[in-house]
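Data from work.tsv: TSV, C-alpha atoms and all ligand atoms
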chain	number	residue	atom	x	y	z
A	597	MET	CA	0.00	0.00	0.00
A	598	LYS	CA	1.27	3.46	-0.84
A	599	GLN	CA	1.58	5.59	2.26
A	600	ASP	CA	0.58	9.24	2.05
A	601	TYR	CA	2.39	10.17	5.25
A	602	GLU	CA	5.81	9.91	6.81
A	603	TRP	CA	6.77	9.55	10.47
A	604	TYR	CA	8.70	12.39	12.12
A	605	ASN	CA	10.62	12.30	15.38
A	606	ALA	CA	9.15	15.07	17.56
A	607	GLN	CA	10.13	16.60	20.89
A	608	LEU	CA	7.35	18.91	22.00
A	609	HIS	CA	8.50	20.27	25.36
A	610	ASN	CA	11.83	22.08	25.50
A	611	HIS	CA	13.42	24.90	27.47
A	612	THR	CA	16.25	27.25	26.55
A	613	CYS	CA	18.02	30.09	28.33
A	614	HIS	CA	14.92	32.19	27.62
A	615	SER	CA	13.65	30.50	30.79
A	616	ASP	CA	15.46	27.90	32.92
A	617	GLY	CA	17.17	25.85	30.17
A	618	ARG	CA	20.96	25.72	30.15
A	619	ALA	CA	21.57	26.26	26.45
A	620	SER	CA	20.87	28.92	23.84
A	621	VAL	CA	18.08	28.39	21.33
A	622	ALA	CA	20.51	27.27	18.60
A	623	LYS	CA	22.44	24.95	20.93
A	624	THR	CA	19.23	23.38	22.25
A	625	ILE	CA	18.05	22.66	18.71
A	626	ASP	CA	21.43	21.14	17.85
A	627	LEU	CA	21.47	18.92	20.95
A	628	LEU	CA	18.02	17.60	20.13
A	629	ARG	CA	18.84	17.16	16.45
A	630	GLU	CA	21.82	15.02	17.42
A	631	ARG	CA	19.28	12.70	19.04
A	632	GLY	CA	17.23	12.55	15.86
A	633	ALA	CA	14.57	15.22	16.42
A	634	GLN	CA	12.89	16.48	13.22
A	635	VAL	CA	10.05	18.45	14.82
A	636	LEU	CA	10.69	20.68	17.83
A	637	ALA	CA	8.56	22.90	19.98
A	638	LEU	CA	9.88	25.79	22.02
A	639	THR	CA	8.06	25.86	25.36
A	640	ASP	CA	9.95	28.16	27.68
A	641	HIS	CA	8.33	28.99	30.99
A	642	ASN	CA	6.23	32.13	30.67
A	643	ALA	CA	8.33	33.39	27.78
A	644	ALA	CA	7.89	33.72	24.04
A	645	SER	CA	11.01	35.83	23.57
A	646	GLY	CA	12.90	32.98	21.87
A	647	ASN	CA	10.28	32.34	19.20
A	648	GLU	CA	11.70	34.43	16.39
A	649	GLU	CA	15.24	33.10	16.76
A	650	PHE	CA	13.82	29.59	17.20
A	651	LEU	CA	11.93	29.63	13.89
A	652	LYS	CA	14.96	31.04	12.09
A	653	CYS	CA	17.34	28.43	13.55
A	654	CYS	CA	14.89	25.62	12.80
A	655	ALA	CA	14.52	26.76	9.19
A	656	GLU	CA	18.30	26.93	8.75
A	657	ARG	CA	18.61	23.36	10.02
A	658	GLY	CA	15.66	21.82	8.18
A	659	VAL	CA	13.77	21.21	11.41
A	660	ILE	CA	10.02	21.85	11.73
A	661	GLY	CA	9.60	24.41	14.52
A	662	ILE	CA	6.46	24.90	16.61
A	663	ARG	CA	6.20	28.05	18.68
A	664	GLY	CA	4.81	27.95	22.15
A	665	ASN	CA	5.27	28.60	25.80
A	666	GLU	CA	4.74	26.67	29.00
A	667	ILE	CA	2.27	28.64	31.04
A	668	SER	CA	3.75	28.03	34.46
A	669	THR	CA	1.86	28.94	37.61
A	670	TYR	CA	2.16	28.08	41.27
A	671	PHE	CA	-0.66	25.58	40.82
A	672	GLY	CA	0.43	23.70	37.70
A	673	HIS	CA	1.81	24.01	34.18
A	674	VAL	CA	0.07	24.02	30.81
A	675	VAL	CA	1.87	23.76	27.49
A	676	GLY	CA	0.49	26.10	24.84
A	677	LEU	CA	1.65	24.77	21.47
A	678	GLY	CA	1.49	26.69	18.22
A	679	LEU	CA	1.08	30.05	19.89
A	680	GLU	CA	1.99	33.01	17.76
A	681	GLU	CA	1.25	35.29	20.67
A	682	TYR	CA	2.34	35.11	24.28
A	683	VAL	CA	-0.23	33.83	26.76
A	684	ASP	CA	0.24	35.36	30.18
A	685	TRP	CA	0.31	32.99	33.15
A	686	ARG	CA	-1.37	35.58	35.37
A	687	TYR	CA	-4.70	34.90	33.63
A	688	MET	CA	-4.77	31.43	35.14
A	689	ARG	CA	-6.76	31.37	38.33
A	690	PRO	CA	-6.68	28.45	40.77
A	691	ASP	CA	-10.42	27.91	40.58
A	692	ASP	CA	-10.66	28.33	36.83
A	693	PRO	CA	-7.85	26.75	34.78
A	694	GLU	CA	-10.28	26.57	31.86
A	695	SER	CA	-9.89	30.31	31.28
A	696	ILE	CA	-6.29	29.75	30.19
A	697	PHE	CA	-7.23	26.72	28.07
A	698	ASP	CA	-9.71	28.97	26.24
A	699	LEU	CA	-7.14	31.70	25.79
A	700	ILE	CA	-4.70	29.21	24.25
A	701	HIS	CA	-7.40	28.07	21.81
A	702	GLU	CA	-8.41	31.64	20.97
A	703	ARG	CA	-4.83	32.28	19.93
A	704	GLY	CA	-4.78	29.24	17.69
A	705	GLY	CA	-2.86	26.97	20.04
A	706	LEU	CA	-3.26	23.49	21.44
A	707	CYS	CA	-3.45	22.92	25.13
A	708	GLY	CA	-1.20	20.28	26.71
A	709	TYR	CA	-1.69	19.00	30.25
A	710	ALA	CA	1.95	19.14	31.38
A	711	HIS	CA	3.28	16.48	33.77
A	712	PRO	CA	-0.15	15.93	35.41
A	713	ILE	CA	1.27	13.93	38.31
A	714	ARG	CA	4.55	15.26	39.51
A	715	ILE	CA	6.28	15.97	42.72
A	716	GLY	CA	5.92	19.63	43.66
A	717	TYR	CA	6.57	21.62	46.77
A	718	PRO	CA	9.08	21.79	48.43
A	719	LEU	CA	11.31	20.41	45.66
A	720	VAL	CA	9.82	22.14	42.65
A	721	PRO	CA	7.06	24.58	43.56
A	722	GLY	CA	4.33	24.79	40.94
A	723	CYS	CA	5.22	21.57	39.17
A	724	SER	CA	2.50	19.44	40.66
A	725	TRP	CA	-1.04	19.95	39.45
A	726	LEU	CA	-3.21	21.61	42.07
A	727	PHE	CA	-5.88	23.08	39.84
A	728	ARG	CA	-9.25	21.48	39.71
A	729	ILE	CA	-10.18	20.86	36.09
A	730	HIS	CA	-13.92	21.05	35.61
A	731	ASP	CA	-13.97	20.42	31.90
A	732	TYR	CA	-11.43	18.08	30.31
A	733	SER	CA	-12.94	18.69	26.88
A	734	ARG	CA	-10.97	21.95	26.83
A	735	ILE	CA	-7.58	20.18	27.05
A	736	ASP	CA	-6.16	18.78	23.82
A	737	TYR	CA	-3.55	16.31	24.98
A	738	TYR	CA	-1.88	14.71	27.96
A	739	GLU	CA	1.83	14.46	28.53
A	740	ILE	CA	1.65	10.78	29.40
A	741	LEU	CA	5.41	10.46	29.73
A	742	ASN	CA	7.24	13.40	31.21
A	743	THR	CA	10.75	12.09	31.39
A	744	GLY	CA	12.15	15.11	33.14
A	745	ASP	CA	10.22	13.87	36.12
A	746	TYR	CA	11.95	13.21	39.40
A	747	LEU	CA	9.60	10.33	40.02
A	748	ARG	CA	9.38	8.70	36.63
A	749	SER	CA	7.34	5.81	37.92
A	750	ARG	CA	4.42	8.18	38.34
A	751	ASN	CA	4.13	8.30	34.56
A	752	ASP	CA	2.27	4.99	34.74
A	753	MET	CA	-0.46	6.66	36.79
A	754	VAL	CA	-0.76	9.34	34.11
A	755	ILE	CA	-1.16	6.74	31.35
A	756	GLU	CA	-3.94	5.06	33.33
A	757	GLU	CA	-5.60	8.41	34.00
A	758	TRP	CA	-5.49	9.25	30.28
A	759	ILE	CA	-7.00	5.90	29.28
A	760	GLY	CA	-9.65	6.41	31.98
A	761	LYS	CA	-10.57	9.74	30.38
A	762	LEU	CA	-10.90	8.06	26.97
A	763	ARG	CA	-13.24	5.53	28.62
A	764	GLU	CA	-15.30	8.43	29.97
A	765	GLY	CA	-15.81	9.44	26.34
A	766	LEU	CA	-13.17	12.19	26.13
A	767	LEU	CA	-11.91	10.65	22.91
A	768	HIS	CA	-10.28	13.80	21.60
A	769	LEU	CA	-7.52	13.65	24.24
A	770	GLY	CA	-4.20	12.91	22.58
A	771	ALA	CA	-1.04	11.62	24.24
A	772	VAL	CA	2.54	12.78	23.79
A	773	SER	CA	5.84	12.16	25.50
A	774	ALA	CA	7.83	15.10	26.82
A	775	LEU	CA	11.53	15.18	27.47
A	776	ASP	CA	10.96	18.47	29.28
A	777	TYR	CA	14.41	19.20	27.96
A	778	HIS	CA	16.57	21.74	29.78
A	779	GLY	CA	19.74	21.44	27.71
A	780	ARG	CA	21.51	18.77	29.74
A	781	PRO	CA	23.27	15.93	27.99
A	782	TRP	CA	21.44	12.66	28.45
A	783	HIS	CA	22.27	9.02	28.09
A	784	GLY	CA	20.29	5.93	27.45
A	785	HIS	CA	16.79	5.71	26.16
A	786	GLU	CA	14.13	8.33	26.08
A	787	TYR	CA	10.64	8.41	24.68
A	788	VAL	CA	9.95	10.08	21.36
A	789	THR	CA	6.60	11.23	19.99
A	790	TRP	CA	6.41	10.14	16.36
A	791	LEU	CA	4.11	12.30	14.24
A	792	ALA	CA	2.59	11.19	10.93
A	793	LEU	CA	2.91	14.12	8.53
A	794	PRO	CA	1.89	14.39	4.88
A	795	HIS	CA	4.57	14.22	2.20
A	796	ARG	CA	3.75	17.69	0.94
A	797	MET	CA	3.36	20.50	3.45
A	798	GLU	CA	2.79	24.12	2.59
A	799	ASN	CA	3.09	25.17	6.21
A	800	PRO	CA	4.97	22.49	8.17
A	801	GLU	CA	4.25	24.09	11.59
A	802	LYS	CA	0.52	23.97	10.81
A	803	SER	CA	0.73	20.40	9.50
A	804	ALA	CA	2.52	19.28	12.67
A	805	MET	CA	-0.13	21.00	14.81
A	806	GLU	CA	-2.84	19.30	12.76
A	807	ALA	CA	-1.24	15.87	13.26
A	808	ILE	CA	-1.14	16.47	17.03
A	809	ARG	CA	-4.77	17.58	17.04
A	810	ARG	CA	-5.79	14.53	15.00
A	811	GLN	CA	-3.82	12.21	17.29
A	812	ASN	CA	-1.75	10.85	14.39
A	813	MET	CA	0.94	9.90	16.89
A	814	ILE	CA	2.70	7.02	18.52
A	815	VAL	CA	5.05	7.31	21.48
A	816	CYS	CA	8.05	4.96	21.34
A	817	LYS	CA	11.16	4.44	23.38
A	818	ASP	CA	13.63	6.00	20.92
A	819	ARG	CA	13.11	4.36	17.55
A	820	LEU	CA	9.89	4.17	15.63
A	821	ILE	CA	7.87	0.99	15.82
A	822	GLU	CA	4.70	1.34	13.79
A	823	LEU	CA	1.64	-0.19	15.40
A	824	ASN	CA	-1.14	0.21	12.85
A	825	LEU	CA	-4.49	-1.50	12.50
A	826	VAL	CA	-5.77	-3.19	9.37
A	827	GLY	CA	-9.53	-2.78	9.16
A	828	SER	CA	-12.14	-5.22	7.91
A	829	ASP	CA	-11.94	-3.30	4.61
A	830	GLY	CA	-8.29	-4.38	4.23
A	831	LYS	CA	-7.00	-0.83	4.61
A	832	GLU	CA	-4.28	0.11	7.06
A	833	TYR	CA	-5.04	2.82	9.62
A	834	ILE	CA	-2.72	4.90	11.78
A	835	PRO	CA	-3.51	6.13	15.30
A	836	GLY	CA	-6.09	8.89	15.41
A	837	GLU	CA	-7.94	7.58	12.38
A	838	ARG	CA	-11.43	6.15	12.32
A	839	VAL	CA	-11.49	2.44	11.61
A	840	PRO	CA	-14.60	0.73	10.21
A	841	ASP	CA	-16.44	-1.42	12.74
A	842	GLY	CA	-15.66	-5.11	12.70
A	843	PRO	CA	-12.55	-7.14	13.41
A	844	VAL	CA	-9.14	-5.50	13.03
A	845	ARG	CA	-5.62	-6.86	12.92
A	846	LEU	CA	-2.47	-5.33	14.35
A	847	ARG	CA	0.28	-4.68	11.83
A	848	VAL	CA	3.75	-4.11	13.26
A	849	ARG	CA	6.60	-2.52	11.35
A	850	ALA	CA	10.01	-1.83	12.83
A	851	GLU	CA	13.38	-1.04	11.38
A	852	GLY	CA	16.39	-3.22	12.11
A	853	ASP	CA	16.40	-4.58	15.65
A	854	ALA	CA	14.01	-1.96	17.05
A	855	LEU	CA	11.46	-4.64	17.94
A	856	PRO	CA	12.14	-6.31	21.31
A	857	ALA	CA	13.00	-10.00	21.32
A	858	ARG	CA	9.94	-10.89	23.42
A	859	PRO	CA	7.21	-8.50	22.29
A	860	VAL	CA	3.95	-8.46	24.26
A	861	TYR	CA	1.01	-6.46	22.88
A	862	HIS	CA	-1.98	-5.13	24.77
A	863	ALA	CA	-5.06	-3.30	23.54
A	864	ASP	CA	-7.30	-1.13	25.71
A	865	ASP	CA	-10.77	-0.26	24.54
A	866	ALA	CA	-13.86	1.31	26.12
A	867	ASP	CA	-14.48	-1.80	28.24
A	868	SER	CA	-11.31	-3.71	28.90
A	869	ARG	CA	-7.67	-4.49	28.32
A	870	ARG	CA	-6.48	-7.68	26.68
A	871	GLU	CA	-3.43	-9.22	25.12
A	872	ILE	CA	-3.44	-9.21	21.35
A	873	ARG	CA	-1.12	-10.62	18.68
A	874	PRO	CA	-0.05	-9.25	15.32
A	875	ASP	CA	-2.25	-10.36	12.44
A	876	VAL	CA	-4.74	-12.11	14.74
A	877	PRO	CA	-8.18	-10.47	14.43
A	878	PHE	CA	-9.74	-8.78	17.45
A	879	GLU	CA	-12.64	-6.42	18.01
A	880	ALA	CA	-12.50	-3.14	19.88
A	881	LYS	CA	-15.31	-1.07	21.30
A	882	GLY	CA	-15.25	2.70	20.90
A	883	PHE	CA	-11.48	3.07	20.66
A	884	ALA	CA	-8.28	1.08	20.86
A	885	VAL	CA	-4.96	2.09	22.40
A	886	VAL	CA	-2.23	-0.42	21.56
A	887	ARG	CA	0.79	-0.93	23.78
A	888	LEU	CA	3.98	-2.86	23.12
A	889	PHE	CA	6.06	-4.18	26.01
A	890	ASP	CA	9.41	-5.90	26.16
A	891	GLY	CA	8.86	-9.31	27.72
A	892	GLN	CA	6.63	-8.20	30.56
A	893	ALA	CA	3.48	-6.10	30.49
A	894	ASP	CA	4.28	-3.42	33.05
A	895	PHE	CA	5.31	0.20	32.90
A	896	ASP	CA	9.05	-0.50	33.25
A	897	HIS	CA	8.91	-2.58	30.08
A	898	LEU	CA	6.82	-0.20	27.97
A	899	VAL	CA	8.30	0.19	24.48
A	900	ALA	CA	5.51	1.91	22.56
A	901	ILE	CA	1.98	3.23	23.02
A	902	THR	CA	-0.35	4.50	20.31
A	903	ASN	CA	-2.84	7.32	20.39
A	904	PRO	CA	-6.40	6.00	20.11
A	905	PHE	CA	-7.77	4.41	16.97
A	906	HIS	CA	-11.47	5.28	16.77
A	907	PHE	CA	-14.38	2.96	16.09
A	908	GLY	CA	-18.08	3.39	15.69
A	909	GLY	CA	-18.25	6.43	13.45
A	910	ARG	CA	-18.50	8.97	16.27
A	911	ARG	CA	-15.35	10.90	15.75
A	912	GLU	CA	-15.21	13.35	12.89
A	913	GLN	CA	-11.82	13.93	11.27
B	1	ZN	ZN	6.54	22.26	33.69
B	2	ZN	ZN	8.82	22.25	31.18

structure tokens encoding of this file:
Amino acid sequence: MKQDYEWYNAQLHNHTCHSDGRASVAKTIDLLRERGAQVLALTDHNAASGNEEFLKCCAERGVIGIRGNEISTYFGHVVGLGLEEYVDWRYMRPDDPESIFDLIHERGGLCGYAHPIRIGYPLVPGCSWLFRIHDYSRIDYYEILNTGDYLRSRNDMVIEEWIGKLREGLLHLGAVSALDYHGRPWHGHEYVTWLALPHRMENPEKSAMEAIRRQNMIVCKDRLIELNLVGSDGKEYIPGERVPDGPVRLRVRAEGDALPARPVYHADDADSRREIRPDVPFEAKGFAVVRLFDGQADFDHLVAITNPFHFGGRREQ
């Protein structure tokens, strides 16, 4: 089958010396490029002053740049992606976080729920989420893996919370990983958000934003492992797409030795979680989130997790 998209390595949460990052804008881009990043967002705390330089440096390096800022308050952080204009953190009131979500949308941005469960005071004041969200329909995506976290294991609680929200019917909620990069060198494996982007893009920043909004994403530990579903119509679907009702089959594609030696696959839908196998038909209700583990199905062995595939004709694209 001819694919009309290509997967891009994206890091959507990064800080530079315009807030508390260690490196300049150019240096930060270079450090992330060395690790394979092709799409980058600039999300400095309460600052948009790096945006112009960021777009210029990205263009010079052939990287797709997304402007933004991390609206950082004493009661929690929200990532505003794709913001051409600065959104001021002082508009965010403890009893009404939705007002800032609306402001982000009014300015054409997407609203990311940054590190929802994170240690806060006294270590990092403001990093834990103390707001009460009344309306999750006004958030666009969860950071299900914030790997700058001091307590990484709490990411598993965030994944479960996100899947719980999908089960409540909040099917628009996407999921991304976030390095929450501050310019330090890092070793070992980190999660990457892979974005499916069209071959031809007139405005790459807009196309990347559209792919995030449409949930055309899979989060993998480093390298891309495609976890697509083949519908009863024989067509292959990527995460975020609507799949015809009826049995589906998982199709796995990985380059080189990216696939673990003992792969274990799970699918969550509106009702349950179960183990699935590639090319063996299964049925999903409402949505399906597919996870790949290495040998053992727990958070420590998570290799990849898709955004939801949608069933039942409810989601418009
Ligand atoms: Zn933050
Ligand atoms: Zn941050």

- Message: What residues of the protein or nucleic acid chains come within 10 Å of ligand ZN 2 (chain B) when you use all atoms listed in the file? Reply as a ChimeraX atom specification.
- Response: /A:608-611,615-617,638-641,665-668,673-675,710-711,723,742,744-745,774-778

So that I can check the surroundings of stretch 830-840 of chain A, please list as a list in words every protein, DNA and RNA residue that reaches within 6 Å of it, counting only C-alpha atoms and ignoring chain neighbours fewer than 3 positions away.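 The filter keeps Arg810, Gln811, Asn812, Asn824, Leu825, Val826, Gly827, Asn903, Pro904, Phe905, His906 and Phe907 of chain A.
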
Using only C-alpha atoms, which residues of stretch 724-774 of chain A come within 12 Å of stretch 783-787 of chain A, and what is the closest atom pair for each, with the distance in Å to one decimal? Give it as a Markdown table, sorted by chain and residue number.
| residue | atom | partner | partner_atom | distance |
| --- | --- | --- | --- | --- |
| A:Glu739 | CA | A:Tyr787 | CA | 11.4 |
| A:Ile740 | CA | A:Tyr787 | CA | 10.4 |
| A:Leu741 | CA | A:Tyr787 | CA | 7.6 |
| A:Asn742 | CA | A:Tyr787 | CA | 8.9 |
| A:Thr743 | CA | A:Glu786 | CA | 7.3 |
| A:Gly744 | CA | A:Glu786 | CA | 10.0 |
| A:Arg748 | CA | A:Glu786 | CA | 11.6 |
| A:Asn751 | CA | A:Tyr787 | CA | 11.8 |
| A:Val772 | CA | A:Tyr787 | CA | 9.2 |
| A:Ser773 | CA | A:Tyr787 | CA | 6.1 |
| A:Ala774 | CA | A:Tyr787 | CA | 7.6 |

Closest to ligand ZN 1 (chain B) among A:Arg686, A:Tyr601, A:Pro712, A:Ile696, using all atoms listed in the file?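 For ligand ZN 1 (chain B), the nearest of the candidates is A:Pro712.
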
Name all residues at most 10 Å from A:Ser733 (count only C-alpha atoms; drop same-chain ones fewer than 4 positions away) and give them as a list in words.
Glu694, Phe697, Ile729, Tyr737, Lys761, Gly765, Leu766, Leu767, His768 and Leu769 of chain A

Take the selection from the previous step and output its residues with C-alpha atoms, as a compact mmCIF listing (two decimals), in the frame of the given file.
# COMPACT_ATOMS: atom_id res chain seq x y z
CA GLU A 694 -10.28 26.57 31.86
CA PHE A 697 -7.23 26.72 28.07
CA ILE A 729 -10.18 20.86 36.09
CA TYR A 737 -3.55 16.31 24.98
CA LYS A 761 -10.57 9.74 30.38
CA GLY A 765 -15.81 9.44 26.34
CA LEU A 766 -13.17 12.19 26.13
CA LEU A 767 -11.91 10.65 22.91
CA HIS A 768 -10.28 13.80 21.60
CA LEU A 769 -7.52 13.65 24.24
